[in-house]
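Shown here: upload00.tsv, TSV, N, CA and C atoms.
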```tsv
chain	number	residue	atom	x	y	z
A	1	MET	N	30.14	-30.66	7.04
A	1	MET	CA	31.39	-30.00	7.40
A	1	MET	C	31.74	-30.42	8.82
A	2	THR	N	32.78	-31.21	8.95
A	2	THR	CA	33.16	-31.71	10.26
A	2	THR	C	34.48	-31.14	10.75
A	3	ASP	N	35.11	-30.27	9.96
A	3	ASP	CA	36.37	-29.66	10.41
A	3	ASP	C	36.11	-28.72	11.57
A	4	VAL	N	36.98	-28.79	12.54
A	4	VAL	CA	36.94	-27.84	13.65
A	4	VAL	C	38.06	-26.85	13.40
A	5	VAL	N	37.70	-25.57	13.36
A	5	VAL	CA	38.71	-24.54	13.11
A	5	VAL	C	38.70	-23.53	14.25
A	6	ASP	N	39.87	-22.97	14.49
A	6	ASP	CA	39.93	-21.94	15.53
A	6	ASP	C	39.51	-20.59	14.95
A	7	SER	N	39.40	-19.62	15.81
A	7	SER	CA	38.90	-18.31	15.39
A	7	SER	C	39.83	-17.63	14.39
A	8	ASP	N	41.13	-17.84	14.50
A	8	ASP	CA	42.06	-17.24	13.55
A	8	ASP	C	41.85	-17.81	12.15
A	9	GLU	N	41.65	-19.13	12.06
A	9	GLU	CA	41.42	-19.75	10.76
A	9	GLU	C	40.08	-19.29	10.19
A	10	LEU	N	39.09	-19.17	11.02
A	10	LEU	CA	37.78	-18.68	10.55
A	10	LEU	C	37.91	-17.26	10.01
A	11	LEU	N	38.65	-16.43	10.70
A	11	LEU	CA	38.88	-15.06	10.24
A	11	LEU	C	39.62	-15.05	8.91
A	12	ARG	N	40.64	-15.89	8.77
A	12	ARG	CA	41.38	-15.98	7.49
A	12	ARG	C	40.45	-16.39	6.36
A	13	ARG	N	39.58	-17.36	6.63
A	13	ARG	CA	38.64	-17.82	5.61
A	13	ARG	C	37.67	-16.72	5.21
A	14	MET	N	37.21	-15.95	6.17
A	14	MET	CA	36.29	-14.86	5.85
A	14	MET	C	37.00	-13.77	5.03
A	15	HIS	N	38.25	-13.50	5.34
A	15	HIS	CA	39.00	-12.51	4.55
A	15	HIS	C	39.23	-13.02	3.12
A	16	ARG	N	39.51	-14.32	2.97
A	16	ARG	CA	39.65	-14.89	1.63
A	16	ARG	C	38.33	-14.81	0.88
A	17	ALA	N	37.24	-15.09	1.57
A	17	ALA	CA	35.91	-15.00	0.95
A	17	ALA	C	35.63	-13.58	0.50
A	18	ARG	N	35.99	-12.60	1.30
A	18	ARG	CA	35.79	-11.20	0.93
A	18	ARG	C	36.61	-10.84	-0.30
A	19	ALA	N	37.87	-11.29	-0.33
A	19	ALA	CA	38.73	-11.01	-1.48
A	19	ALA	C	38.15	-11.65	-2.74
A	20	CYS	N	37.64	-12.86	-2.62
A	20	CYS	CA	37.03	-13.55	-3.76
A	20	CYS	C	35.77	-12.80	-4.22
A	21	ALA	N	34.93	-12.39	-3.29
A	21	ALA	CA	33.71	-11.66	-3.64
A	21	ALA	C	34.05	-10.32	-4.29
A	22	LEU	N	35.08	-9.67	-3.82
A	22	LEU	CA	35.51	-8.40	-4.41
A	22	LEU	C	35.95	-8.60	-5.86
A	23	GLU	N	36.71	-9.64	-6.11
A	23	GLU	CA	37.17	-9.92	-7.46
A	23	GLU	C	35.99	-10.29	-8.38
A	24	GLU	N	35.07	-11.08	-7.86
A	24	GLU	CA	33.89	-11.44	-8.65
A	24	GLU	C	33.05	-10.21	-8.98
A	25	ARG	N	32.89	-9.32	-8.01
A	25	ARG	CA	32.14	-8.08	-8.26
A	25	ARG	C	32.80	-7.28	-9.37
A	26	ARG	N	34.12	-7.15	-9.31
A	26	ARG	CA	34.84	-6.41	-10.36
A	26	ARG	C	34.66	-7.07	-11.72
A	27	SER	N	34.75	-8.39	-11.74
A	27	SER	CA	34.62	-9.13	-12.99
A	27	SER	C	33.23	-8.97	-13.60
A	28	TRP	N	32.18	-9.13	-12.78
A	28	TRP	CA	30.81	-8.99	-13.29
A	28	TRP	C	30.50	-7.56	-13.70
A	29	ARG	N	31.05	-6.58	-12.98
A	29	ARG	CA	30.83	-5.18	-13.35
A	29	ARG	C	31.47	-4.90	-14.71
A	30	ALA	N	32.68	-5.38	-14.91
A	30	ALA	CA	33.36	-5.19	-16.19
A	30	ALA	C	32.60	-5.89	-17.32
A	31	ARG	N	32.09	-7.09	-17.03
A	31	ARG	CA	31.33	-7.83	-18.04
A	31	ARG	C	30.05	-7.07	-18.40
A	32	SER	N	29.39	-6.53	-17.40
A	32	SER	CA	28.17	-5.76	-17.64
A	32	SER	C	28.45	-4.57	-18.55
A	33	GLU	N	29.52	-3.86	-18.27
A	33	GLU	CA	29.86	-2.69	-19.08
A	33	GLU	C	30.25	-3.09	-20.50
A	34	ALA	N	30.97	-4.20	-20.63
A	34	ALA	CA	31.40	-4.64	-21.95
A	34	ALA	C	30.23	-5.11	-22.80
A	35	LEU	N	29.24	-5.72	-22.18
A	35	LEU	CA	28.10	-6.25	-22.92
A	35	LEU	C	27.03	-5.21	-23.24
A	36	ARG	N	27.06	-4.09	-22.53
A	36	ARG	CA	26.00	-3.08	-22.67
A	36	ARG	C	25.70	-2.71	-24.13
A	37	PRO	N	26.70	-2.44	-24.98
A	37	PRO	CA	26.37	-2.02	-26.35
A	37	PRO	C	25.84	-3.15	-27.24
A	38	THR	N	26.25	-4.37	-26.98
A	38	THR	CA	25.92	-5.46	-27.90
A	38	THR	C	24.89	-6.45	-27.37
A	39	ASP	N	24.79	-6.58	-26.06
A	39	ASP	CA	23.89	-7.58	-25.47
A	39	ASP	C	23.24	-7.01	-24.20
A	40	PRO	N	22.19	-6.20	-24.37
A	40	PRO	CA	21.57	-5.56	-23.20
A	40	PRO	C	21.08	-6.56	-22.15
A	41	GLU	N	20.52	-7.68	-22.59
A	41	GLU	CA	20.03	-8.69	-21.63
A	41	GLU	C	21.19	-9.29	-20.84
A	42	GLY	N	22.27	-9.63	-21.52
A	42	GLY	CA	23.45	-10.15	-20.84
A	42	GLY	C	24.05	-9.12	-19.88
A	43	SER	N	24.00	-7.86	-20.30
A	43	SER	CA	24.50	-6.79	-19.45
A	43	SER	C	23.67	-6.67	-18.18
A	44	ARG	N	22.34	-6.78	-18.31
A	44	ARG	CA	21.47	-6.72	-17.13
A	44	ARG	C	21.73	-7.89	-16.19
A	45	GLU	N	21.90	-9.08	-16.75
A	45	GLU	CA	22.18	-10.25	-15.91
A	45	GLU	C	23.50	-10.07	-15.15
A	46	ALA	N	24.51	-9.57	-15.84
A	46	ALA	CA	25.79	-9.32	-15.18
A	46	ALA	C	25.65	-8.25	-14.10
A	47	ALA	N	24.83	-7.25	-14.35
A	47	ALA	CA	24.61	-6.20	-13.35
A	47	ALA	C	23.92	-6.77	-12.11
A	48	VAL	N	22.99	-7.70	-12.30
A	48	VAL	CA	22.33	-8.34	-11.16
A	48	VAL	C	23.34	-9.13	-10.34
A	49	ARG	N	24.22	-9.83	-11.02
A	49	ARG	CA	25.26	-10.58	-10.29
A	49	ARG	C	26.20	-9.63	-9.54
A	50	THR	N	26.47	-8.48	-10.13
A	50	THR	CA	27.29	-7.47	-9.45
A	50	THR	C	26.63	-7.06	-8.14
A	51	VAL	N	25.33	-6.80	-8.19
A	51	VAL	CA	24.59	-6.40	-6.99
A	51	VAL	C	24.62	-7.52	-5.94
A	52	ALA	N	24.52	-8.75	-6.39
A	52	ALA	CA	24.56	-9.88	-5.45
A	52	ALA	C	25.90	-9.93	-4.71
A	53	TYR	N	26.98	-9.73	-5.44
A	53	TYR	CA	28.29	-9.74	-4.79
A	53	TYR	C	28.47	-8.52	-3.89
A	54	GLU	N	27.86	-7.41	-4.22
A	54	GLU	CA	27.91	-6.25	-3.33
A	54	GLU	C	27.21	-6.56	-2.01
A	55	ALA	N	26.12	-7.31	-2.07
A	55	ALA	CA	25.42	-7.71	-0.84
A	55	ALA	C	26.31	-8.61	0.00
A	56	VAL	N	26.98	-9.56	-0.64
A	56	VAL	CA	27.90	-10.45	0.07
A	56	VAL	C	29.00	-9.64	0.74
A	57	LEU	N	29.54	-8.68	0.02
A	57	LEU	CA	30.60	-7.83	0.57
A	57	LEU	C	30.11	-7.03	1.78
A	58	ARG	N	28.89	-6.50	1.70
A	58	ARG	CA	28.36	-5.74	2.85
A	58	ARG	C	28.24	-6.63	4.08
A	59	VAL	N	27.78	-7.85	3.89
A	59	VAL	CA	27.64	-8.77	5.03
A	59	VAL	C	29.01	-9.11	5.60
A	60	LEU	N	29.95	-9.46	4.74
A	60	LEU	CA	31.29	-9.80	5.24
A	60	LEU	C	31.95	-8.61	5.90
A	61	ASP	N	31.77	-7.41	5.36
A	61	ASP	CA	32.33	-6.22	5.99
A	61	ASP	C	31.77	-6.02	7.39
A	62	GLU	N	30.46	-6.24	7.55
A	62	GLU	CA	29.85	-6.07	8.87
A	62	GLU	C	30.36	-7.12	9.85
A	63	VAL	N	30.59	-8.33	9.37
A	63	VAL	CA	31.11	-9.39	10.24
A	63	VAL	C	32.56	-9.10	10.62
A	64	LEU	N	33.36	-8.68	9.63
A	64	LEU	CA	34.79	-8.49	9.87
A	64	LEU	C	35.11	-7.18	10.59
A	65	THR	N	34.29	-6.15	10.37
A	65	THR	CA	34.52	-4.85	11.01
A	65	THR	C	33.18	-4.30	11.47
A	66	PRO	N	32.60	-4.86	12.53
A	66	PRO	CA	31.27	-4.44	12.97
A	66	PRO	C	31.21	-2.96	13.32
A	67	GLY	N	30.15	-2.33	12.85
A	67	GLY	CA	29.91	-0.94	13.18
A	67	GLY	C	30.72	0.06	12.40
A	68	ARG	N	31.65	-0.39	11.63
A	68	ARG	CA	32.51	0.53	10.88
A	68	ARG	C	31.81	1.11	9.67
A	69	GLY	N	30.81	0.42	9.18
A	69	GLY	CA	30.12	0.90	7.98
A	69	GLY	C	30.65	0.18	6.77
A	70	PRO	N	29.88	0.19	5.70
A	70	PRO	CA	30.27	-0.56	4.50
A	70	PRO	C	31.45	0.08	3.79
A	71	ARG	N	32.32	-0.79	3.27
A	71	ARG	CA	33.42	-0.33	2.43
A	71	ARG	C	33.08	-0.55	0.97
A	72	VAL	N	31.95	-1.16	0.69
A	72	VAL	CA	31.58	-1.50	-0.67
A	72	VAL	C	31.28	-0.27	-1.50
A	73	GLY	N	30.63	0.73	-0.94
A	73	GLY	CA	30.15	1.87	-1.69
A	73	GLY	C	31.19	2.91	-2.04
A	74	ASN	N	32.45	2.56	-2.07
A	74	ASN	CA	33.47	3.56	-2.33
A	74	ASN	C	33.94	3.54	-3.79
A	75	GLY	N	33.05	3.13	-4.69
A	75	GLY	CA	33.39	3.16	-6.11
A	75	GLY	C	34.32	2.07	-6.55
A	76	GLY	N	34.44	1.00	-5.76
A	76	GLY	CA	35.28	-0.11	-6.16
A	76	GLY	C	36.75	0.10	-5.86
A	77	ALA	N	37.08	1.04	-5.01
A	77	ALA	CA	38.48	1.34	-4.71
A	77	ALA	C	39.03	0.46	-3.61
A	78	ASP	N	38.36	-0.63	-3.30
A	78	ASP	CA	38.83	-1.55	-2.23
A	78	ASP	C	40.17	-2.12	-2.56
```

What does the file become when written as structure tokens?
Amino acid sequence: MTDVVDSDELLRRMHRARACALEERRSWRARSEALRPTDPEGSREAAVRTVAYEAVLRVLDEVLTPGRGPRVGNGGAD
């Protein structure tokens, strides 16, 4: 990666990354719930991916709003 970006562009990229992670978390959570009755193993895998995206969201939230606390744990109302 040789691009030089200013702080505003870096901030925009982090906000886009957060929006992408939020959408992925929602998608994997919905997939987990949909698979639960028919494919328990697939549901568990989707749940693990949901947790992974929640971790990404917590990190990005701390970088973007230090000390404010996580916004991830609010039931997906982001």

* What does the distance from CA of Arg31 (chain A) to CA of Arg44 (chain A) come to in Å, to one decimal? ->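 Spanning CA of Arg31 (chain A) to CA of Arg44 (chain A) is a straight-line distance of 10.0 Å.
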
* **For CA of Tyr53 (chain A) and atom C of Glu24 (chain A), the interatomic separation in Å (one decimal)** =>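 These two atoms are separated by 6.4 Å.
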
* To do: Quick one: everything within 9 Å of Ala46 (chain A), counting only C-alpha atoms, minus sequence neighbours fewer than 5 positions away in the same chain. Send it as a ChimeraX atom specification.
  => /A:28-33,35,41,51

Give me a file of those residues, with N, CA and C atoms, as a PDB file, in the coordinates of the input.
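Full text of part_33.pdb as output:
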```pdb
ATOM      1  N   TRP A  28      32.180  -9.130 -12.780  1.00  0.00           N
ATOM      2  CA  TRP A  28      30.810  -8.990 -13.290  1.00  0.00           C
ATOM      3  C   TRP A  28      30.500  -7.560 -13.700  1.00  0.00           C
ATOM      4  N   ARG A  29      31.050  -6.580 -12.980  1.00  0.00           N
ATOM      5  CA  ARG A  29      30.830  -5.180 -13.350  1.00  0.00           C
ATOM      6  C   ARG A  29      31.470  -4.900 -14.710  1.00  0.00           C
ATOM      7  N   ALA A  30      32.680  -5.380 -14.910  1.00  0.00           N
ATOM      8  CA  ALA A  30      33.360  -5.190 -16.190  1.00  0.00           C
ATOM      9  C   ALA A  30      32.600  -5.890 -17.320  1.00  0.00           C
ATOM     10  N   ARG A  31      32.090  -7.090 -17.030  1.00  0.00           N
ATOM     11  CA  ARG A  31      31.330  -7.830 -18.040  1.00  0.00           C
ATOM     12  C   ARG A  31      30.050  -7.070 -18.400  1.00  0.00           C
ATOM     13  N   SER A  32      29.390  -6.530 -17.400  1.00  0.00           N
ATOM     14  CA  SER A  32      28.170  -5.760 -17.640  1.00  0.00           C
ATOM     15  C   SER A  32      28.450  -4.570 -18.550  1.00  0.00           C
ATOM     16  N   GLU A  33      29.520  -3.860 -18.270  1.00  0.00           N
ATOM     17  CA  GLU A  33      29.860  -2.690 -19.080  1.00  0.00           C
ATOM     18  C   GLU A  33      30.250  -3.090 -20.500  1.00  0.00           C
ATOM     19  N   LEU A  35      29.240  -5.720 -22.180  1.00  0.00           N
ATOM     20  CA  LEU A  35      28.100  -6.250 -22.920  1.00  0.00           C
ATOM     21  C   LEU A  35      27.030  -5.210 -23.240  1.00  0.00           C
ATOM     22  N   GLU A  41      20.520  -7.680 -22.590  1.00  0.00           N
ATOM     23  CA  GLU A  41      20.030  -8.690 -21.630  1.00  0.00           C
ATOM     24  C   GLU A  41      21.190  -9.290 -20.840  1.00  0.00           C
ATOM     25  N   VAL A  51      25.330  -6.800  -8.190  1.00  0.00           N
ATOM     26  CA  VAL A  51      24.590  -6.400  -6.990  1.00  0.00           C
ATOM     27  C   VAL A  51      24.620  -7.520  -5.940  1.00  0.00           C
TER      28      VAL A  51
END
```

* To do: Find the distance between CA of Thr38 (chain A) and atom N of Cys20 (chain A) and write it in Å to one decimal.
  =>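 Distance reported for this atom pair: 28.8 Å.
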
Output, as JSON, the centre and edge lengths in Å (one decimal) of the axis-aligned box that contains all listed atoms of region 34-53 of chain A with 3 Å of margin on each side.
```
{"center_x": 25.7, "center_y": -6.3, "center_z": -15.9, "size_x": 17.4, "size_y": 14.6, "size_z": 30.0}
```

Reconstruct region 48-66 of chain A at the level of N, CA, C and O atoms, and format the result as a compact mmCIF listing (two decimals), keeping the file's coordinate frame.
```
# COMPACT_ATOMS: atom_id res chain seq x y z
N VAL A 48 22.99 -7.70 -12.30
CA VAL A 48 22.33 -8.34 -11.16
C VAL A 48 23.34 -9.13 -10.34
O VAL A 48 23.33 -9.08 -9.10
N ARG A 49 24.22 -9.83 -11.02
CA ARG A 49 25.26 -10.58 -10.29
C ARG A 49 26.20 -9.63 -9.54
O ARG A 49 26.64 -9.94 -8.44
N THR A 50 26.47 -8.48 -10.13
CA THR A 50 27.29 -7.47 -9.45
C THR A 50 26.63 -7.06 -8.14
O THR A 50 27.29 -6.99 -7.09
N VAL A 51 25.33 -6.80 -8.19
CA VAL A 51 24.59 -6.40 -6.99
C VAL A 51 24.62 -7.52 -5.94
O VAL A 51 24.76 -7.25 -4.74
N ALA A 52 24.52 -8.75 -6.39
CA ALA A 52 24.56 -9.88 -5.45
C ALA A 52 25.90 -9.93 -4.71
O ALA A 52 25.95 -10.12 -3.49
N TYR A 53 26.98 -9.73 -5.44
CA TYR A 53 28.29 -9.74 -4.79
C TYR A 53 28.47 -8.52 -3.89
O TYR A 53 29.16 -8.60 -2.86
N GLU A 54 27.86 -7.41 -4.22
CA GLU A 54 27.91 -6.25 -3.33
C GLU A 54 27.21 -6.56 -2.01
O GLU A 54 27.68 -6.15 -0.94
N ALA A 55 26.12 -7.31 -2.07
CA ALA A 55 25.42 -7.71 -0.84
C ALA A 55 26.31 -8.61 0.00
O ALA A 55 26.40 -8.46 1.23
N VAL A 56 26.98 -9.56 -0.64
CA VAL A 56 27.90 -10.45 0.07
C VAL A 56 29.00 -9.64 0.74
O VAL A 56 29.35 -9.86 1.91
N LEU A 57 29.54 -8.68 0.02
CA LEU A 57 30.60 -7.83 0.57
C LEU A 57 30.11 -7.03 1.78
O LEU A 57 30.84 -6.90 2.77
N ARG A 58 28.89 -6.50 1.70
CA ARG A 58 28.36 -5.74 2.85
C ARG A 58 28.24 -6.63 4.08
O ARG A 58 28.58 -6.22 5.19
N VAL A 59 27.78 -7.85 3.89
CA VAL A 59 27.64 -8.77 5.03
C VAL A 59 29.01 -9.11 5.60
O VAL A 59 29.22 -9.04 6.82
N LEU A 60 29.95 -9.46 4.74
CA LEU A 60 31.29 -9.80 5.24
C LEU A 60 31.95 -8.61 5.90
O LEU A 60 32.64 -8.76 6.92
N ASP A 61 31.77 -7.41 5.36
CA ASP A 61 32.33 -6.22 5.99
C ASP A 61 31.77 -6.02 7.39
O ASP A 61 32.49 -5.67 8.32
N GLU A 62 30.46 -6.24 7.55
CA GLU A 62 29.85 -6.07 8.87
C GLU A 62 30.36 -7.12 9.85
O GLU A 62 30.58 -6.84 11.02
N VAL A 63 30.59 -8.33 9.37
CA VAL A 63 31.11 -9.39 10.24
C VAL A 63 32.56 -9.10 10.62
O VAL A 63 32.96 -9.24 11.78
N LEU A 64 33.36 -8.68 9.63
CA LEU A 64 34.79 -8.49 9.87
C LEU A 64 35.11 -7.18 10.59
O LEU A 64 36.08 -7.10 11.34
N THR A 65 34.29 -6.15 10.37
CA THR A 65 34.52 -4.85 11.01
C THR A 65 33.18 -4.30 11.47
O THR A 65 32.66 -3.34 10.87
N PRO A 66 32.60 -4.86 12.53
CA PRO A 66 31.27 -4.44 12.97
C PRO A 66 31.21 -2.96 13.32
O PRO A 66 32.11 -2.42 13.96
```
